[in-house]
file protein-v4.txt (compact mmCIF, C-alpha atoms)
# COMPACT_ATOMS: atom_id res chain seq x y z
CA MET A 29 14.37 13.88 48.53
CA SER A 30 13.74 10.15 48.76
CA ALA A 31 14.76 8.18 51.81
CA PRO A 32 18.14 6.37 51.67
CA GLY A 33 17.78 2.92 50.18
CA HIS A 34 14.57 3.77 48.34
CA PRO A 35 14.41 4.76 44.64
CA ALA A 36 13.31 8.25 43.76
CA SER A 37 9.63 8.55 42.94
CA ALA A 38 8.82 8.53 39.24
CA GLY A 39 7.39 11.58 37.56
CA PRO A 40 3.70 11.90 36.69
CA PRO A 41 2.52 9.73 33.78
CA VAL A 42 2.32 11.33 30.36
CA VAL A 43 -1.26 12.12 29.31
CA ARG A 44 -1.85 13.22 25.73
CA PRO A 45 -5.05 14.62 24.20
CA LEU A 46 -7.27 12.27 22.24
CA TRP A 47 -6.79 14.17 18.97
CA SER A 48 -3.05 13.42 19.04
CA PHE A 49 -3.94 9.74 18.52
CA VAL A 50 -5.87 10.17 15.26
CA GLY A 51 -2.97 10.53 12.81
CA PRO A 52 -0.79 7.70 14.19
CA ALA A 53 -3.83 5.41 14.52
CA PHE A 54 -4.82 5.97 10.91
CA GLY A 55 -1.21 5.34 9.88
CA ALA A 56 -1.25 2.04 11.78
CA LEU A 57 -4.43 0.95 9.97
CA VAL A 58 -2.92 1.79 6.58
CA ALA A 59 0.28 -0.03 7.56
CA ALA A 60 -1.59 -3.16 8.61
CA GLY A 61 -3.53 -3.17 5.36
CA MET A 62 -0.42 -2.77 3.24
CA LEU A 63 1.27 -5.59 5.12
CA THR A 64 -1.43 -8.15 4.28
CA ALA A 65 -2.44 -6.76 0.87
CA PRO A 66 -0.17 -9.10 -1.19
CA ILE A 67 -1.91 -12.20 0.19
CA GLY A 68 -4.39 -13.88 -2.12
CA SER A 69 -5.24 -12.68 -5.63
CA LEU A 70 -2.67 -9.86 -5.61
CA GLY A 71 0.11 -12.29 -4.68
CA ASP A 72 -0.98 -14.72 -7.40
CA ALA A 73 -0.88 -11.94 -9.99
CA ILE A 74 2.61 -10.91 -8.86
CA ARG A 75 3.85 -14.51 -8.98
CA HIS A 76 2.56 -15.09 -12.50
CA ASP A 77 3.76 -11.75 -13.88
CA LEU A 78 7.27 -11.99 -12.42
CA GLY A 79 7.60 -15.70 -13.10
CA LEU A 80 8.24 -16.67 -9.48
CA THR A 81 7.93 -20.13 -7.99
CA THR A 82 5.47 -20.80 -5.20
CA ALA A 83 8.33 -21.29 -2.72
CA ALA A 84 9.97 -17.98 -3.68
CA MET A 85 6.67 -16.13 -3.40
CA THR A 86 6.03 -17.68 0.01
CA VAL A 87 9.40 -16.45 1.28
CA ILE A 88 8.77 -12.99 -0.16
CA LEU A 89 5.43 -12.82 1.64
CA VAL A 90 6.63 -14.17 5.01
CA VAL A 91 9.78 -12.08 5.50
CA PRO A 92 7.89 -8.74 5.86
CA TYR A 93 5.97 -10.18 8.82
CA VAL A 94 9.27 -11.03 10.51
CA ALA A 95 10.51 -7.48 9.88
CA ALA A 96 7.29 -6.05 11.31
CA ALA A 97 7.51 -8.24 14.41
CA VAL A 98 11.13 -7.16 15.03
CA LEU A 99 10.25 -3.44 15.08
CA LEU A 100 6.90 -3.69 16.86
CA VAL A 101 8.29 -3.39 20.40
CA PRO A 102 10.91 -0.71 19.54
CA GLY A 103 8.15 1.27 17.84
CA TRP A 104 6.03 0.98 20.98
CA LEU A 105 8.86 2.10 23.27
CA LEU A 106 10.01 4.99 21.08
CA GLY A 107 6.46 6.00 20.22
CA ARG A 108 5.56 6.54 23.85
CA ARG A 109 8.27 9.17 24.16
CA TRP A 110 8.71 10.53 20.62
CA PRO A 111 5.53 9.63 18.70
CA THR A 112 5.99 12.08 15.85
CA ALA A 113 9.74 11.54 15.42
CA THR A 114 9.10 7.78 15.30
CA GLY A 115 5.82 7.68 13.41
CA VAL A 116 6.81 9.94 10.51
CA PRO A 117 9.88 7.86 9.46
CA ALA A 118 7.76 4.71 9.75
CA LEU A 119 5.21 6.13 7.33
CA VAL A 120 7.98 7.27 4.98
CA LEU A 121 9.22 3.66 4.91
CA LEU A 122 5.70 2.54 4.00
CA LEU A 123 5.60 5.06 1.19
CA LEU A 124 9.00 4.05 -0.20
CA GLY A 125 8.27 0.34 0.11
CA SER A 126 4.95 0.55 -1.71
CA VAL A 127 6.51 2.54 -4.58
CA VAL A 128 9.37 0.02 -4.91
CA CYS A 129 6.86 -2.84 -4.99
CA ALA A 130 4.75 -1.09 -7.64
CA PHE A 131 7.73 -0.78 -10.01
CA ALA A 132 9.56 -4.00 -9.08
CA SER A 133 10.86 -5.94 -12.06
CA GLY A 134 11.93 -9.08 -10.24
CA ALA A 135 11.92 -11.06 -7.03
CA VAL A 136 14.78 -9.11 -5.42
CA LEU A 137 13.16 -5.70 -5.73
CA MET A 138 9.75 -7.06 -4.78
CA GLY A 139 11.19 -8.73 -1.67
CA ALA A 140 13.15 -5.60 -0.72
CA GLY A 141 10.08 -3.41 -1.13
CA LEU A 142 7.93 -5.68 1.02
CA VAL A 143 10.61 -5.82 3.72
CA VAL A 144 10.66 -2.02 3.83
CA VAL A 145 6.86 -2.09 4.09
CA GLY A 146 7.16 -4.57 6.98
CA LEU A 147 9.65 -2.39 8.83
CA GLY A 148 7.43 0.65 8.48
CA ALA A 149 4.28 -1.28 9.40
CA GLY A 150 5.74 -2.75 12.59
CA THR A 151 7.00 0.63 13.73
CA ALA A 152 3.74 2.44 12.89
CA VAL A 153 1.59 -0.11 14.73
CA GLY A 154 3.93 0.04 17.73
CA VAL A 155 3.68 3.83 17.85
CA ALA A 156 -0.12 3.69 17.78
CA PHE A 157 -0.28 1.17 20.61
CA GLY A 158 2.23 3.19 22.62
CA LEU A 159 0.12 6.33 22.24
CA SER A 160 -3.11 4.49 23.07
CA GLY A 161 -1.88 3.97 26.62
CA GLN A 162 -1.23 7.69 27.17
CA LEU A 163 -4.74 9.02 26.61
CA GLY A 164 -5.84 9.16 30.23
CA ARG A 165 -9.43 8.03 30.69
CA TRP A 166 -9.68 7.26 26.96
CA ALA A 167 -6.82 4.74 27.03
CA SER A 168 -8.85 1.53 27.44
CA GLY A 169 -11.38 2.49 24.79
CA ALA A 170 -8.65 3.61 22.39
CA ARG A 171 -6.83 0.28 22.75
CA LEU A 172 -10.05 -1.66 22.12
CA VAL A 173 -11.01 0.38 19.04
CA LEU A 174 -7.45 0.22 17.68
CA GLY A 175 -7.28 -3.55 18.11
CA LEU A 176 -10.62 -4.13 16.39
CA ALA A 177 -9.77 -1.74 13.55
CA LEU A 178 -6.39 -3.36 13.00
CA GLY A 179 -8.01 -6.79 12.83
CA ALA A 180 -10.49 -5.52 10.26
CA ALA A 181 -7.70 -3.91 8.19
CA LEU A 182 -5.65 -7.12 8.24
CA LEU A 183 -8.63 -9.15 7.00
CA LEU A 184 -10.08 -6.72 4.46
CA ALA A 185 -6.87 -5.58 2.76
CA PRO A 186 -6.33 -8.84 0.79
CA VAL A 187 -9.92 -8.63 -0.47
CA VAL A 188 -9.61 -5.01 -1.58
CA SER A 189 -6.18 -5.54 -3.18
CA GLY A 190 -7.48 -8.63 -4.99
CA VAL A 191 -10.38 -6.67 -6.46
CA LEU A 192 -7.98 -3.93 -7.61
CA ALA A 193 -5.60 -6.47 -9.13
CA GLN A 194 -8.41 -8.12 -11.09
CA GLY A 195 -10.00 -4.85 -12.17
CA PHE A 196 -6.81 -3.02 -13.11
CA ALA A 197 -3.40 -4.63 -12.49
CA TRP A 198 -1.27 -5.56 -9.52
CA ARG A 199 1.05 -2.53 -9.81
CA PRO A 200 -1.70 0.11 -9.37
CA ALA A 201 -2.90 -1.91 -6.36
CA PHE A 202 0.31 -0.95 -4.53
CA LEU A 203 0.01 2.69 -5.58
CA PHE A 204 -3.57 2.80 -4.31
CA GLY A 205 -2.23 2.99 -0.74
CA VAL A 206 0.11 5.92 -1.44
CA PRO A 207 -2.51 8.71 -0.96
CA MET A 208 -3.61 7.13 2.32
CA VAL A 209 -0.01 7.00 3.55
CA VAL A 210 0.42 10.67 2.61
CA LEU A 211 -2.77 11.51 4.50
CA ALA A 212 -1.49 9.64 7.54
CA LEU A 213 1.82 11.51 7.26
CA VAL A 214 0.03 14.86 7.22
CA GLY A 215 -2.12 13.89 10.21
CA THR A 216 0.82 12.61 12.24
CA GLY A 217 2.96 15.64 11.45
CA ALA A 218 0.12 18.05 12.19
CA SER A 219 -0.62 16.44 15.56
CA GLY A 220 3.07 16.60 16.45
CA ILE A 221 3.26 20.29 15.58
CA ALA A 222 0.07 21.00 17.54
CA MET A 223 1.45 19.18 20.57
CA TRP A 224 4.68 21.17 20.36
CA VAL A 225 2.78 24.47 20.09
CA THR A 226 0.47 23.51 22.96
CA ARG A 227 3.36 22.52 25.16
CA GLY A 228 5.23 25.74 24.35
CA SER A 229 2.22 27.93 25.16
CA ARG A 230 1.62 26.54 28.63
CA PRO A 231 2.39 29.05 31.38
CA GLY A 232 5.45 28.23 33.39
CA PRO A 233 5.48 27.83 37.15
CA PRO A 234 5.35 31.05 39.15
CA ALA A 235 8.70 32.48 40.07
CA ALA A 236 9.80 32.01 43.65
CA PRO A 237 9.81 35.22 45.70
CA VAL A 238 13.21 36.82 46.14
CA PRO A 239 14.16 36.90 49.83
CA ALA A 240 14.82 40.36 51.18
CA THR A 241 18.48 40.56 52.17
CA PRO A 242 19.88 43.59 54.00
CA LEU A 243 22.46 45.71 52.30
CA PRO A 244 26.00 45.51 53.64
CA ASP A 245 25.70 48.88 55.37
CA GLU A 246 22.39 47.86 56.98
CA SER A 247 23.77 44.61 58.35
CA ARG A 248 26.68 46.41 60.04
CA SER A 249 24.84 49.41 61.44
CA GLY A 250 21.55 47.72 62.28
CA GLY A 251 19.60 50.16 60.11
CA PRO A 252 19.60 51.85 56.75
CA ALA A 253 22.59 53.95 55.82
CA ARG A 254 22.03 57.71 55.97

call {"tool": "encode", "arguments": {"input": "protein-v4.txt", "output": "structure tokens"}}
result
Amino acid sequence: MSAPGHPASAGPPVVRPLWSFVGPAFGALVAAGMLTAPIGSLGDAIRHDLGLTTAAMTVILVVPYVAAAVLLVPGWLLGRRWPTATGVPALVLLLLGSVVCAFASGAVLMGAGLVVVGLGAGTAVGVAFGLSGQLGRWASGARLVLGLALGAALLLAPVVSGVLAQGFAWRPAFLFGVPMVVLALVGTGASGIAMWVTRGSRPGPPAAPVPATPLPDESRSGGPAR
């Protein structure tokens, strides 16, 4: 018990194995790339094909960043406690958003698809950062590697999407990320299942010894009943 007037001591910090970080981290990298992919040549191709003004295209490209920023902190908080239950829906949003963008026929559908991508991206990145702080002695290194990799994904995605848009078309450029999102989904789900199995297979604490209590007849007679 804690002393009166003092809060109860917190439980031990959660420490997760390093392999549990791989799936959510890869999902965060894919999410960051999909968030910035429409910038540059891909965005120009979308604007010309859909007949959008520069102002409308700017709004369509900015709003997903706002959506990602709104869900970044909730994704971090929820991801620290329920990484799989939070990360999997985030990746599903990425998948749905990219498919909607690939088949969008106008500004409304394109904007809606990119907003869904932004919501999924913010949550996925938050989950990855939340998990990176629960890796024990690997936490500092995991945060550093994740930050550098996210920066590279944010910078390289517009280049890669622009090359795809010029070589093929802008619609296949959105579908190019679908297999990577599926791979991230499989990795995140598999790590969650492995964590659940590992946690369920841990031996429980030893049972406390049962105190020897005298039988009613023994307590009255001072010895065993005959």

call {"tool": "residues_around", "arguments": {"input": "protein-v4.txt", "residues": "stretch 150-158 of chain A", "least_positions_apart": "3", "cutoff": "8 Å", "atoms": "all atoms listed in the file", "output": "NGL selection string"}}
result
:A and (49 or 52-53 or 55-57 or 59-60 or 95-108 or 111 or 114-115 or 118-119 or 146-147 or 161-162 or 171 or 174)

call {"tool": "write_last_selection", "arguments": {"input": "protein-v4.txt", "atoms": "C-alpha atoms", "output": "compact mmCIF listing (two decimals), in the coordinates of the input"}}
result
# COMPACT_ATOMS: atom_id res chain seq x y z
CA PHE A 49 -3.94 9.74 18.52
CA PRO A 52 -0.79 7.70 14.19
CA ALA A 53 -3.83 5.41 14.52
CA GLY A 55 -1.21 5.34 9.88
CA ALA A 56 -1.25 2.04 11.78
CA LEU A 57 -4.43 0.95 9.97
CA ALA A 59 0.28 -0.03 7.56
CA ALA A 60 -1.59 -3.16 8.61
CA ALA A 95 10.51 -7.48 9.88
CA ALA A 96 7.29 -6.05 11.31
CA ALA A 97 7.51 -8.24 14.41
CA VAL A 98 11.13 -7.16 15.03
CA LEU A 99 10.25 -3.44 15.08
CA LEU A 100 6.90 -3.69 16.86
CA VAL A 101 8.29 -3.39 20.40
CA PRO A 102 10.91 -0.71 19.54
CA GLY A 103 8.15 1.27 17.84
CA TRP A 104 6.03 0.98 20.98
CA LEU A 105 8.86 2.10 23.27
CA LEU A 106 10.01 4.99 21.08
CA GLY A 107 6.46 6.00 20.22
CA ARG A 108 5.56 6.54 23.85
CA PRO A 111 5.53 9.63 18.70
CA THR A 114 9.10 7.78 15.30
CA GLY A 115 5.82 7.68 13.41
CA ALA A 118 7.76 4.71 9.75
CA LEU A 119 5.21 6.13 7.33
CA GLY A 146 7.16 -4.57 6.98
CA LEU A 147 9.65 -2.39 8.83
CA GLY A 161 -1.88 3.97 26.62
CA GLN A 162 -1.23 7.69 27.17
CA ARG A 171 -6.83 0.28 22.75
CA LEU A 174 -7.45 0.22 17.68

call {"tool": "closest_atom_pairs", "arguments": {"input": "protein-v4.txt", "of": "stretch 89-171 of chain A", "to": "stretch 62-73 of chain A", "cutoff": "8 Å", "atoms": "all atoms listed in the file", "output": "Markdown table"}}
result
| residue | atom | partner | partner_atom | distance |
| --- | --- | --- | --- | --- |
| A:Leu89 | CA | A:Pro66 | CA | 7.3 |
| A:Pro92 | CA | A:Leu63 | CA | 7.4 |
| A:Tyr93 | CA | A:Leu63 | CA | 7.5 |
| A:Leu142 | CA | A:Leu63 | CA | 7.8 |
| A:Val145 | CA | A:Leu63 | CA | 6.7 |
| A:Gly146 | CA | A:Leu63 | CA | 6.3 |
| A:Ala149 | CA | A:Leu63 | CA | 6.8 |

call {"tool": "residues_around", "arguments": {"input": "protein-v4.txt", "residues": "A:Pro45", "least_positions_apart": "6", "cutoff": "10 Å", "atoms": "all atoms listed in the file", "output": "list in words"}}
result
Leu159, Gln162, Leu163, Gly164, Trp166, Ser219 and Met223 of chain A

call {"tool": "atom_distance", "arguments": {"input": "protein-v4.txt", "atom1": "atom CA of A:Leu182", "atom2": "atom CA of A:Val143"}}
result
16.9 Å

call {"tool": "atom_distance", "arguments": {"input": "protein-v4.txt", "atom1": "atom CA of A:Cys129", "atom2": "atom CA of A:Phe202"}}
result
6.8 Å

call {"tool": "atom_distance", "arguments": {"input": "protein-v4.txt", "atom1": "atom CA of A:Gly205", "atom2": "atom CA of A:Ile88"}}
result
19.4 Å

call {"tool": "closest_residue", "arguments": {"input": "protein-v4.txt", "among": "A:Ala222, A:Ala135, A:Leu183, A:Val191", "to": "A:Thr82", "atoms": "all atoms listed in the file"}}
result
A:Ala135

call {"tool": "axis_aligned_box", "arguments": {"input": "protein-v4.txt", "around": "stretch 141-154 of chain A", "padding_each_side": "5 Å", "output": "lines of an AutoDock Vina configuration file"}}
result
center_x = 6.1
center_y = -1.7
center_z = 8.3
size_x = 19.1
size_y = 18.3
size_z = 28.9

call {"tool": "residues_around", "arguments": {"input": "protein-v4.txt", "residues": "A:Met85", "least_positions_apart": "5", "cutoff": "10 Å", "atoms": "all atoms listed in the file", "output": "mmCIF file with C-alpha atoms, keeping the file's coordinate frame"}}
result
data_model
loop_
_atom_site.group_PDB
_atom_site.id
_atom_site.type_symbol
_atom_site.label_atom_id
_atom_site.label_comp_id
_atom_site.auth_asym_id
_atom_site.auth_seq_id
_atom_site.Cartn_x
_atom_site.Cartn_y
_atom_site.Cartn_z
ATOM 1 C CA GLY A 71 0.110 -12.290 -4.680
ATOM 2 C CA ASP A 72 -0.980 -14.720 -7.400
ATOM 3 C CA ILE A 74 2.610 -10.910 -8.860
ATOM 4 C CA ARG A 75 3.850 -14.510 -8.980
ATOM 5 C CA LEU A 78 7.270 -11.990 -12.420
ATOM 6 C CA GLY A 79 7.600 -15.700 -13.100
ATOM 7 C CA LEU A 80 8.240 -16.670 -9.480
ATOM 8 C CA VAL A 90 6.630 -14.170 5.010
ATOM 9 C CA ALA A 135 11.920 -11.060 -7.030
ATOM 10 C CA MET A 138 9.750 -7.060 -4.780
ATOM 11 C CA GLY A 139 11.190 -8.730 -1.670
#
